[in-house]
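Trainee: I am sharing model-v6.tsv, which consists of TSV, N, CA and C atoms:
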```
chain	number	residue	atom	x	y	z
A	1	GLN	N	-1.94	-1.70	-5.78
A	1	GLN	CA	-2.25	-0.76	-4.71
A	1	GLN	C	-2.47	-1.53	-3.41
A	2	VAL	N	-1.71	-1.20	-2.42
A	2	VAL	CA	-1.84	-1.86	-1.12
A	2	VAL	C	-2.75	-1.02	-0.23
A	3	GLN	N	-3.76	-1.64	0.33
A	3	GLN	CA	-4.61	-0.95	1.29
A	3	GLN	C	-4.28	-1.44	2.69
A	4	LEU	N	-4.14	-0.50	3.61
A	4	LEU	CA	-3.78	-0.81	4.99
A	4	LEU	C	-4.91	-0.34	5.91
A	5	VAL	N	-5.31	-1.19	6.83
A	5	VAL	CA	-6.40	-0.85	7.74
A	5	VAL	C	-5.95	-1.14	9.16
A	6	GLU	N	-5.88	-0.07	9.96
A	6	GLU	CA	-5.47	-0.21	11.35
A	6	GLU	C	-6.66	-0.48	12.25
A	7	SER	N	-6.38	-1.12	13.38
A	7	SER	CA	-7.41	-1.36	14.40
A	7	SER	C	-6.71	-1.53	15.74
A	8	GLY	N	-7.50	-1.49	16.80
A	8	GLY	CA	-6.97	-1.76	18.13
A	8	GLY	C	-6.78	-0.53	19.00
A	9	GLY	N	-7.02	0.64	18.46
A	9	GLY	CA	-6.88	1.84	19.27
A	9	GLY	C	-8.00	1.95	20.30
A	10	GLY	N	-7.87	2.92	21.19
A	10	GLY	CA	-8.91	3.12	22.19
A	10	GLY	C	-8.47	4.08	23.27
A	11	LEU	N	-9.30	4.17	24.31
A	11	LEU	CA	-9.02	5.02	25.46
A	11	LEU	C	-8.58	4.13	26.61
A	12	VAL	N	-7.38	4.39	27.12
A	12	VAL	CA	-6.83	3.61	28.22
A	12	VAL	C	-6.23	4.54	29.26
A	13	GLN	N	-5.89	3.98	30.40
A	13	GLN	CA	-5.24	4.75	31.45
A	13	GLN	C	-3.73	4.58	31.37
A	14	ALA	N	-3.02	5.53	31.94
A	14	ALA	CA	-1.57	5.45	31.98
A	14	ALA	C	-1.15	4.14	32.65
A	15	GLY	N	-0.16	3.48	32.04
A	15	GLY	CA	0.31	2.20	32.55
A	15	GLY	C	-0.33	0.99	31.89
A	16	ASP	N	-1.42	1.20	31.18
A	16	ASP	CA	-2.10	0.10	30.49
A	16	ASP	C	-1.37	-0.29	29.21
A	17	SER	N	-1.89	-1.34	28.58
A	17	SER	CA	-1.33	-1.83	27.32
A	17	SER	C	-2.39	-1.86	26.24
A	18	LEU	N	-1.93	-1.75	25.01
A	18	LEU	CA	-2.78	-1.90	23.83
A	18	LEU	C	-1.97	-2.60	22.76
A	19	ARG	N	-2.66	-3.33	21.88
A	19	ARG	CA	-2.00	-3.90	20.72
A	19	ARG	C	-2.71	-3.41	19.47
A	20	LEU	N	-1.99	-2.69	18.66
A	20	LEU	CA	-2.52	-2.22	17.39
A	20	LEU	C	-2.23	-3.25	16.31
A	21	SER	N	-3.17	-3.36	15.38
A	21	SER	CA	-3.00	-4.24	14.23
A	21	SER	C	-3.17	-3.45	12.96
A	22	CYS	N	-2.50	-3.88	11.92
A	22	CYS	CA	-2.64	-3.25	10.61
A	22	CYS	C	-2.69	-4.37	9.58
A	23	ALA	N	-3.84	-4.52	8.96
A	23	ALA	CA	-4.04	-5.58	7.97
A	23	ALA	C	-3.87	-5.02	6.57
A	24	ALA	N	-3.14	-5.74	5.74
A	24	ALA	CA	-2.90	-5.31	4.37
A	24	ALA	C	-3.72	-6.14	3.40
A	25	SER	N	-4.02	-5.53	2.27
A	25	SER	CA	-4.90	-6.17	1.31
A	25	SER	C	-4.20	-7.06	0.30
A	26	GLU	N	-2.90	-6.95	0.20
A	26	GLU	CA	-2.19	-7.61	-0.88
A	26	GLU	C	-1.20	-8.65	-0.40
A	27	ARG	N	-0.96	-9.62	-1.28
A	27	ARG	CA	0.03	-10.64	-0.97
A	27	ARG	C	1.42	-10.05	-0.95
A	28	THR	N	1.61	-8.86	-1.57
A	28	THR	CA	2.93	-8.24	-1.59
A	28	THR	C	3.35	-7.76	-0.21
A	29	PHE	N	2.45	-7.90	0.75
A	29	PHE	CA	2.77	-7.52	2.13
A	29	PHE	C	4.07	-8.17	2.57
A	30	SER	N	4.27	-9.43	2.21
A	30	SER	CA	5.46	-10.14	2.66
A	30	SER	C	6.74	-9.56	2.04
A	31	SER	N	6.61	-8.78	0.99
A	31	SER	CA	7.75	-8.14	0.35
A	31	SER	C	7.89	-6.67	0.75
A	32	SER	N	7.25	-6.31	1.84
A	32	SER	CA	7.24	-4.91	2.24
A	32	SER	C	7.93	-4.69	3.57
A	33	ALA	N	8.63	-3.57	3.67
A	33	ALA	CA	9.05	-3.05	4.97
A	33	ALA	C	7.85	-2.31	5.55
A	34	LEU	N	7.72	-2.34	6.86
A	34	LEU	CA	6.52	-1.79	7.51
A	34	LEU	C	6.91	-0.90	8.67
A	35	ALA	N	6.04	0.02	8.98
A	35	ALA	CA	6.34	0.93	10.07
A	35	ALA	C	5.07	1.46	10.69
A	36	TRP	N	5.23	2.01	11.88
A	36	TRP	CA	4.18	2.75	12.56
A	36	TRP	C	4.68	4.17	12.78
A	37	PHE	N	3.81	5.12	12.49
A	37	PHE	CA	4.03	6.52	12.78
A	37	PHE	C	2.85	7.01	13.61
A	38	ARG	N	3.02	8.14	14.26
A	38	ARG	CA	1.91	8.71	15.01
A	38	ARG	C	1.90	10.23	14.86
A	39	GLN	N	0.71	10.78	15.05
A	39	GLN	CA	0.56	12.22	14.95
A	39	GLN	C	-0.38	12.70	16.04
A	40	ALA	N	0.14	13.53	16.92
A	40	ALA	CA	-0.66	14.13	17.98
A	40	ALA	C	-1.21	15.46	17.49
A	41	PRO	N	-2.30	15.94	18.08
A	41	PRO	CA	-2.89	17.21	17.65
A	41	PRO	C	-1.88	18.35	17.70
A	42	GLY	N	-1.77	19.09	16.60
A	42	GLY	CA	-0.88	20.23	16.55
A	42	GLY	C	0.58	19.90	16.38
A	43	LYS	N	0.88	18.60	16.18
A	43	LYS	CA	2.27	18.19	16.03
A	43	LYS	C	2.49	17.50	14.69
A	44	ASP	N	3.74	17.43	14.28
A	44	ASP	CA	4.08	16.72	13.06
A	44	ASP	C	3.99	15.21	13.27
A	45	ARG	N	3.83	14.49	12.15
A	45	ARG	CA	3.86	13.04	12.23
A	45	ARG	C	5.25	12.59	12.63
A	46	GLU	N	5.33	11.63	13.55
A	46	GLU	CA	6.63	11.17	14.01
A	46	GLU	C	6.75	9.66	13.92
A	47	PHE	N	7.97	9.20	13.69
A	47	PHE	CA	8.28	7.79	13.60
A	47	PHE	C	8.12	7.12	14.97
A	48	VAL	N	7.57	5.90	14.94
A	48	VAL	CA	7.43	5.13	16.17
A	48	VAL	C	8.27	3.85	16.11
A	49	ALA	N	8.04	3.04	15.07
A	49	ALA	CA	8.74	1.75	14.97
A	49	ALA	C	8.71	1.27	13.53
A	50	ALA	N	9.69	0.44	13.18
A	50	ALA	CA	9.74	-0.12	11.83
A	50	ALA	C	10.29	-1.53	11.89
A	51	ILE	N	9.91	-2.32	10.88
A	51	ILE	CA	10.40	-3.69	10.76
A	51	ILE	C	10.67	-3.97	9.29
A	52	SER	N	11.77	-4.65	9.03
A	52	SER	CA	12.17	-4.89	7.65
A	52	SER	C	11.33	-5.99	7.00
A	53	ARG	N	11.47	-6.10	5.72
A	53	ARG	CA	10.81	-7.15	4.96
A	53	ARG	C	11.15	-8.52	5.53
A	54	SER	N	12.36	-8.72	5.92
A	54	SER	CA	12.80	-10.01	6.46
A	54	SER	C	12.34	-10.25	7.88
A	55	GLY	N	11.98	-9.15	8.57
A	55	GLY	CA	11.64	-9.27	9.98
A	55	GLY	C	12.85	-9.26	10.90
A	56	VAL	N	14.04	-9.25	10.31
A	56	VAL	CA	15.27	-9.32	11.11
A	56	VAL	C	15.60	-7.97	11.75
A	57	THR	N	15.36	-6.91	11.01
A	57	THR	CA	15.74	-5.57	11.48
A	57	THR	C	14.53	-4.82	12.01
A	58	THR	N	14.68	-4.26	13.19
A	58	THR	CA	13.66	-3.39	13.76
A	58	THR	C	14.33	-2.12	14.29
A	59	ASP	N	13.53	-1.09	14.44
A	59	ASP	CA	14.03	0.16	15.01
A	59	ASP	C	12.88	0.85	15.71
A	60	TYR	N	13.22	1.63	16.72
A	60	TYR	CA	12.21	2.30	17.53
A	60	TYR	C	12.63	3.73	17.82
A	61	ALA	N	11.64	4.58	17.97
A	61	ALA	CA	11.92	5.92	18.48
A	61	ALA	C	12.40	5.80	19.92
A	62	ASP	N	13.28	6.69	20.31
A	62	ASP	CA	13.81	6.65	21.68
A	62	ASP	C	12.69	6.72	22.71
A	63	SER	N	11.64	7.45	22.40
A	63	SER	CA	10.55	7.66	23.35
A	63	SER	C	9.75	6.40	23.64
A	64	VAL	N	9.87	5.37	22.77
A	64	VAL	CA	9.08	4.16	22.98
A	64	VAL	C	9.94	2.92	23.20
A	65	LYS	N	11.25	3.05	23.11
A	65	LYS	CA	12.14	1.89	23.29
A	65	LYS	C	11.92	1.27	24.66
A	66	GLY	N	11.82	-0.06	24.65
A	66	GLY	CA	11.60	-0.79	25.89
A	66	GLY	C	10.14	-0.91	26.28
A	67	ARG	N	9.26	-0.15	25.62
A	67	ARG	CA	7.83	-0.21	25.93
A	67	ARG	C	7.01	-0.77	24.76
A	68	PHE	N	7.42	-0.47	23.53
A	68	PHE	CA	6.68	-0.88	22.34
A	68	PHE	C	7.45	-1.97	21.60
A	69	THR	N	6.70	-2.87	20.95
A	69	THR	CA	7.31	-3.91	20.14
A	69	THR	C	6.55	-4.04	18.83
A	70	ILE	N	7.28	-3.98	17.73
A	70	ILE	CA	6.68	-4.18	16.42
A	70	ILE	C	6.95	-5.62	15.97
A	71	SER	N	5.95	-6.21	15.33
A	71	SER	CA	6.10	-7.57	14.81
A	71	SER	C	5.23	-7.72	13.57
A	72	ARG	N	5.48	-8.80	12.84
A	72	ARG	CA	4.70	-9.03	11.63
A	72	ARG	C	4.34	-10.49	11.50
A	73	ASP	N	3.20	-10.73	10.88
A	73	ASP	CA	2.75	-12.09	10.59
A	73	ASP	C	2.42	-12.12	9.10
A	74	ASN	N	3.34	-12.61	8.30
A	74	ASN	CA	3.12	-12.60	6.85
A	74	ASN	C	1.97	-13.50	6.42
A	75	ALA	N	1.73	-14.55	7.18
A	75	ALA	CA	0.62	-15.45	6.84
A	75	ALA	C	-0.73	-14.76	6.97
A	76	LYS	N	-0.78	-13.75	7.85
A	76	LYS	CA	-2.02	-13.01	8.06
A	76	LYS	C	-1.99	-11.62	7.42
A	77	ASN	N	-0.89	-11.31	6.71
A	77	ASN	CA	-0.75	-9.98	6.11
A	77	ASN	C	-0.98	-8.87	7.14
A	78	THR	N	-0.41	-9.03	8.32
A	78	THR	CA	-0.68	-8.11	9.42
A	78	THR	C	0.61	-7.72	10.13
A	79	VAL	N	0.69	-6.45	10.48
A	79	VAL	CA	1.76	-5.95	11.32
A	79	VAL	C	1.15	-5.47	12.64
A	80	TYR	N	1.87	-5.69	13.71
A	80	TYR	CA	1.35	-5.36	15.04
A	80	TYR	C	2.26	-4.34	15.73
A	81	LEU	N	1.66	-3.62	16.66
A	81	LEU	CA	2.43	-2.77	17.56
A	81	LEU	C	1.91	-3.02	18.97
A	82	GLN	N	2.70	-3.74	19.75
A	82	GLN	CA	2.36	-3.98	21.15
A	82	GLN	C	2.87	-2.79	21.96
A	83	MET	N	1.97	-2.14	22.66
A	83	MET	CA	2.32	-0.94	23.42
A	83	MET	C	2.06	-1.20	24.90
A	84	ASN	N	3.11	-1.18	25.68
A	84	ASN	CA	3.00	-1.40	27.12
A	84	ASN	C	3.40	-0.12	27.87
A	85	SER	N	3.00	-0.07	29.13
A	85	SER	CA	3.34	1.07	29.98
A	85	SER	C	3.02	2.40	29.29
A	86	LEU	N	1.82	2.49	28.79
A	86	LEU	CA	1.43	3.67	28.03
A	86	LEU	C	1.44	4.93	28.89
A	87	LYS	N	1.78	6.04	28.25
A	87	LYS	CA	1.86	7.33	28.92
A	87	LYS	C	0.94	8.31	28.22
A	88	PRO	N	0.50	9.35	28.91
A	88	PRO	CA	-0.36	10.35	28.25
A	88	PRO	C	0.28	10.93	26.99
A	89	GLU	N	1.58	11.04	26.96
A	89	GLU	CA	2.26	11.59	25.79
A	89	GLU	C	2.26	10.64	24.59
A	90	ASP	N	1.77	9.42	24.78
A	90	ASP	CA	1.60	8.50	23.66
A	90	ASP	C	0.29	8.75	22.92
A	91	THR	N	-0.53	9.63	23.44
A	91	THR	CA	-1.80	9.94	22.80
A	91	THR	C	-1.57	10.51	21.41
A	92	ALA	N	-2.20	9.89	20.41
A	92	ALA	CA	-2.01	10.31	19.02
A	92	ALA	C	-2.87	9.41	18.13
A	93	VAL	N	-2.93	9.78	16.86
A	93	VAL	CA	-3.45	8.88	15.83
A	93	VAL	C	-2.27	8.09	15.30
A	94	TYR	N	-2.39	6.77	15.33
A	94	TYR	CA	-1.31	5.89	14.90
A	94	TYR	C	-1.62	5.37	13.50
A	95	HIS	N	-0.63	5.53	12.61
A	95	HIS	CA	-0.76	5.10	11.22
A	95	HIS	C	0.27	4.02	10.92
A	96	CYS	N	-0.15	3.01	10.18
A	96	CYS	CA	0.84	2.07	9.68
A	96	CYS	C	1.21	2.47	8.25
A	97	ALA	N	2.41	2.08	7.85
A	97	ALA	CA	2.93	2.44	6.54
A	97	ALA	C	3.69	1.26	5.96
A	98	ALA	N	3.70	1.18	4.63
A	98	ALA	CA	4.38	0.07	3.96
A	98	ALA	C	5.21	0.59	2.80
A	99	LYS	N	6.31	-0.09	2.57
A	99	LYS	CA	7.18	0.22	1.44
A	99	LYS	C	7.51	-1.10	0.74
A	100	THR	N	7.12	-1.19	-0.52
A	100	THR	CA	7.43	-2.39	-1.27
A	100	THR	C	8.93	-2.46	-1.52
A	101	VAL	N	9.52	-3.57	-1.11
A	101	VAL	CA	10.96	-3.78	-1.29
A	101	VAL	C	11.12	-4.97	-2.21
A	102	SER	N	11.26	-4.70	-3.49
A	102	SER	CA	11.24	-5.77	-4.50
A	102	SER	C	12.49	-6.63	-4.46
A	103	SER	N	13.62	-6.01	-4.22
A	103	SER	CA	14.88	-6.74	-4.25
A	103	SER	C	15.20	-7.34	-2.90
A	104	SER	N	15.57	-8.63	-2.92
A	104	SER	CA	15.95	-9.27	-1.67
A	104	SER	C	17.26	-8.71	-1.11
A	105	ASP	N	17.98	-7.94	-1.94
A	105	ASP	CA	19.20	-7.30	-1.46
A	105	ASP	C	18.89	-6.31	-0.33
A	106	PHE	N	17.67	-5.81	-0.31
A	106	PHE	CA	17.27	-4.82	0.68
A	106	PHE	C	16.29	-5.39	1.68
A	107	ARG	N	16.31	-6.68	1.86
A	107	ARG	CA	15.34	-7.33	2.73
A	107	ARG	C	15.49	-6.91	4.19
A	108	ASN	N	16.64	-6.40	4.57
A	108	ASN	CA	16.86	-5.98	5.96
A	108	ASN	C	16.79	-4.47	6.13
A	109	THR	N	16.36	-3.76	5.09
A	109	THR	CA	16.36	-2.30	5.11
A	109	THR	C	15.08	-1.76	5.73
A	110	ILE	N	15.23	-0.73	6.56
A	110	ILE	CA	14.09	0.00	7.08
A	110	ILE	C	14.43	1.49	7.02
A	111	ALA	N	13.45	2.31	7.28
A	111	ALA	CA	13.65	3.76	7.32
A	111	ALA	C	12.78	4.36	8.40
A	112	THR	N	13.25	5.49	8.93
A	112	THR	CA	12.50	6.18	9.96
A	112	THR	C	11.85	7.46	9.44
A	113	VAL	N	11.99	7.71	8.14
A	113	VAL	CA	11.40	8.91	7.55
A	113	VAL	C	10.13	8.54	6.80
A	114	SER	N	9.12	9.35	6.96
A	114	SER	CA	7.80	9.00	6.42
A	114	SER	C	7.78	8.96	4.90
A	115	ASN	N	8.57	9.79	4.24
A	115	ASN	CA	8.46	9.87	2.78
A	115	ASN	C	9.12	8.69	2.07
A	116	TRP	N	9.73	7.76	2.80
A	116	TRP	CA	10.26	6.53	2.20
A	116	TRP	C	9.13	5.53	1.94
A	117	TYR	N	8.06	5.63	2.69
A	117	TYR	CA	6.97	4.67	2.62
A	117	TYR	C	5.94	5.13	1.59
A	118	ASN	N	5.41	4.20	0.82
A	118	ASN	CA	4.49	4.61	-0.24
A	118	ASN	C	3.04	4.21	-0.03
A	119	TYR	N	2.74	3.49	1.05
A	119	TYR	CA	1.35	3.17	1.35
A	119	TYR	C	1.08	3.50	2.82
A	120	TRP	N	-0.12	4.04	3.04
A	120	TRP	CA	-0.48	4.48	4.39
A	120	TRP	C	-1.90	4.06	4.73
A	121	GLY	N	-2.11	3.76	6.01
A	121	GLY	CA	-3.46	3.53	6.49
A	121	GLY	C	-4.08	4.83	6.99
A	122	GLN	N	-5.37	4.76	7.31
A	122	GLN	CA	-6.11	5.95	7.75
A	122	GLN	C	-5.83	6.30	9.20
A	123	GLY	N	-5.37	5.34	9.96
A	123	GLY	CA	-5.03	5.63	11.35
A	123	GLY	C	-6.04	5.13	12.35
A	124	THR	N	-5.57	4.94	13.58
A	124	THR	CA	-6.43	4.56	14.70
A	124	THR	C	-6.03	5.42	15.90
A	125	GLN	N	-7.05	5.90	16.61
A	125	GLN	CA	-6.80	6.83	17.71
A	125	GLN	C	-6.43	6.07	18.98
A	126	VAL	N	-5.36	6.52	19.61
A	126	VAL	CA	-4.97	6.03	20.92
A	126	VAL	C	-4.98	7.21	21.88
A	127	THR	N	-5.74	7.07	22.95
A	127	THR	CA	-5.82	8.12	23.95
A	127	THR	C	-5.47	7.54	25.31
A	128	VAL	N	-4.48	8.14	25.96
A	128	VAL	CA	-4.02	7.65	27.25
A	128	VAL	C	-4.31	8.73	28.30
A	129	SER	N	-5.14	8.40	29.26
A	129	SER	CA	-5.48	9.36	30.31
A	129	SER	C	-4.55	9.18	31.50
A	130	SER	N	-4.33	10.28	32.20
A	130	SER	CA	-3.40	10.24	33.35
A	130	SER	C	-4.14	9.86	34.63
```
Show this structure as structure tokens.

Mentor:
Amino acid sequence: QVQLVESGGGLVQAGDSLRLSCAASERTFSSSALAWFRQAPGKDREFVAAISRSGVTTDYADSVKGRFTISRDNAKNTVYLQMNSLKPEDTAVYHCAAKTVSSSDFRNTIATVSNWYNYWGQGTQVTVSS
């Protein structure tokens, strides 16, 4: 069982930056594809960014391309989301997610759908004021 714990959220102004972190409890972190999703009040959970087990493949939602960067540090069992030029519409609870990818054949695979991932963190609140 992989436990994921997010941190780094907060209240910022439009145009500011934040870096979210998600620490995993297991060594299998290095064999996992990882992603960030977010959910705003009254809205469905939406994909933000993903990174493959290998770290080679990344993908972003159109709404955050050029502003957000996902990265991973396997030595620290941590995935990051660097968020720059934040906008009020980025306000949401941000969740990290993990998918164990046992086969190295799929080391470059990622997904943008939430039901592909089998481990989830509790989330961290990001609020961007205008």

Trainee: So what do you get for atom N of Leu4 (chain A) versus CA of Ser129 (chain A), distance-wise?

Mentor: 28.5 Å

Trainee: Out of A:Asn74, A:Thr127, A:Thr69, A:Gln122, which residue has the shortest atom-to-atom distance to Ala92 (chain A) when counting all atoms listed in the file?

Mentor: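 The answer is A:Thr127, which sits nearest to Ala92 (chain A).
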
Trainee: Pick out the closest residue to Ala49 (chain A) from this set: A:Thr112, A:Ser104, A:Ser25, A:Thr124. Count only N, CA and C atoms.

Mentor: A:Thr112

Trainee: Please identify all polymer residues within 7 Å of region 37-42 of chain A, counting only N, CA and C atoms, omitting same-chain residues fewer than 2 positions from it, and present them as a count of residues only.

Mentor: 14

Trainee: Check the smallest atom-to-atom distance from each of A:Val64, A:Ala33, A:Val113, A:Leu81 to Ile51 (chain A) using only N, CA and C atoms, then report the winner.

Mentor: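 Smallest distance to Ile51 (chain A) is found for A:Ala33.
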
Trainee: Work out how far apart CA of Val128 (chain A) and CA of Cys22 (chain A) are and give it in Å to one decimal.

Mentor: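 That distance, rounded to one decimal, is 19.9 Å.
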
Trainee: Just the number, please: distance in Å from CA of Tyr60 (chain A) to CA of Thr28 (chain A), one decimal.

Mentor: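 Answer for the CA of Tyr60 (chain A) to CA of Thr28 (chain A) separation: 23.7 Å.
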
Trainee: Given only N, CA and C atoms as the basis, pick out the residue of A:Gln3, A:Asn115, A:Ser52, A:Ser130 nearest to Glu89 (chain A).

Mentor: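 Going through A:Gln3, A:Asn115, A:Ser52, A:Ser130 one by one, the smallest distance to Glu89 (chain A) is for A:Ser130.
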
Trainee: So that I can see what lies close to Ser30 (chain A), please list as a list in words the residues with an atom at most 8 Å from it, counting only N, CA and C atoms and leaving out residues fewer than 2 positions away in the same chain.

Mentor: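 In the requested format, the answer is Glu26, Arg27, Thr28, Ser32, Ala33, Ser52, Arg53, Ser54, Asp73, Asn74, Ala75, Asn77, Thr78, Thr100 and Val101 of chain A.
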
Trainee: Could you save the residues just selected, with N, CA and C atoms, as an mmCIF file, in the frame of the given file?

Mentor:
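Okay, this is what ended up in again.cif:
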```
data_model
loop_
_atom_site.group_PDB
_atom_site.id
_atom_site.type_symbol
_atom_site.label_atom_id
_atom_site.label_comp_id
_atom_site.auth_asym_id
_atom_site.auth_seq_id
_atom_site.Cartn_x
_atom_site.Cartn_y
_atom_site.Cartn_z
ATOM 1 N N GLU A 26 -2.900 -6.950 0.200
ATOM 2 C CA GLU A 26 -2.190 -7.610 -0.880
ATOM 3 C C GLU A 26 -1.200 -8.650 -0.400
ATOM 4 N N ARG A 27 -0.960 -9.620 -1.280
ATOM 5 C CA ARG A 27 0.030 -10.640 -0.970
ATOM 6 C C ARG A 27 1.420 -10.050 -0.950
ATOM 7 N N THR A 28 1.610 -8.860 -1.570
ATOM 8 C CA THR A 28 2.930 -8.240 -1.590
ATOM 9 C C THR A 28 3.350 -7.760 -0.210
ATOM 10 N N SER A 32 7.250 -6.310 1.840
ATOM 11 C CA SER A 32 7.240 -4.910 2.240
ATOM 12 C C SER A 32 7.930 -4.690 3.570
ATOM 13 N N ALA A 33 8.630 -3.570 3.670
ATOM 14 C CA ALA A 33 9.050 -3.050 4.970
ATOM 15 C C ALA A 33 7.850 -2.310 5.550
ATOM 16 N N SER A 52 11.770 -4.650 9.030
ATOM 17 C CA SER A 52 12.170 -4.890 7.650
ATOM 18 C C SER A 52 11.330 -5.990 7.000
ATOM 19 N N ARG A 53 11.470 -6.100 5.720
ATOM 20 C CA ARG A 53 10.810 -7.150 4.960
ATOM 21 C C ARG A 53 11.150 -8.520 5.530
ATOM 22 N N SER A 54 12.360 -8.720 5.920
ATOM 23 C CA SER A 54 12.800 -10.010 6.460
ATOM 24 C C SER A 54 12.340 -10.250 7.880
ATOM 25 N N ASP A 73 3.200 -10.730 10.880
ATOM 26 C CA ASP A 73 2.750 -12.090 10.590
ATOM 27 C C ASP A 73 2.420 -12.120 9.100
ATOM 28 N N ASN A 74 3.340 -12.610 8.300
ATOM 29 C CA ASN A 74 3.120 -12.600 6.850
ATOM 30 C C ASN A 74 1.970 -13.500 6.420
ATOM 31 N N ALA A 75 1.730 -14.550 7.180
ATOM 32 C CA ALA A 75 0.620 -15.450 6.840
ATOM 33 C C ALA A 75 -0.730 -14.760 6.970
ATOM 34 N N ASN A 77 -0.890 -11.310 6.710
ATOM 35 C CA ASN A 77 -0.750 -9.980 6.110
ATOM 36 C C ASN A 77 -0.980 -8.870 7.140
ATOM 37 N N THR A 78 -0.410 -9.030 8.320
ATOM 38 C CA THR A 78 -0.680 -8.110 9.420
ATOM 39 C C THR A 78 0.610 -7.720 10.130
ATOM 40 N N THR A 100 7.120 -1.190 -0.520
ATOM 41 C CA THR A 100 7.430 -2.390 -1.270
ATOM 42 C C THR A 100 8.930 -2.460 -1.520
ATOM 43 N N VAL A 101 9.520 -3.570 -1.110
ATOM 44 C CA VAL A 101 10.960 -3.780 -1.290
ATOM 45 C C VAL A 101 11.120 -4.970 -2.210
#
```

Trainee: Using all atoms listed in the file, which residue out of A:Asp105, A:Val2, A:Phe68, A:Thr58 lies closest to Phe29 (chain A)?

Mentor: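 Looking only at the distances to Phe29 (chain A), the closest residue turns out to be A:Val2.
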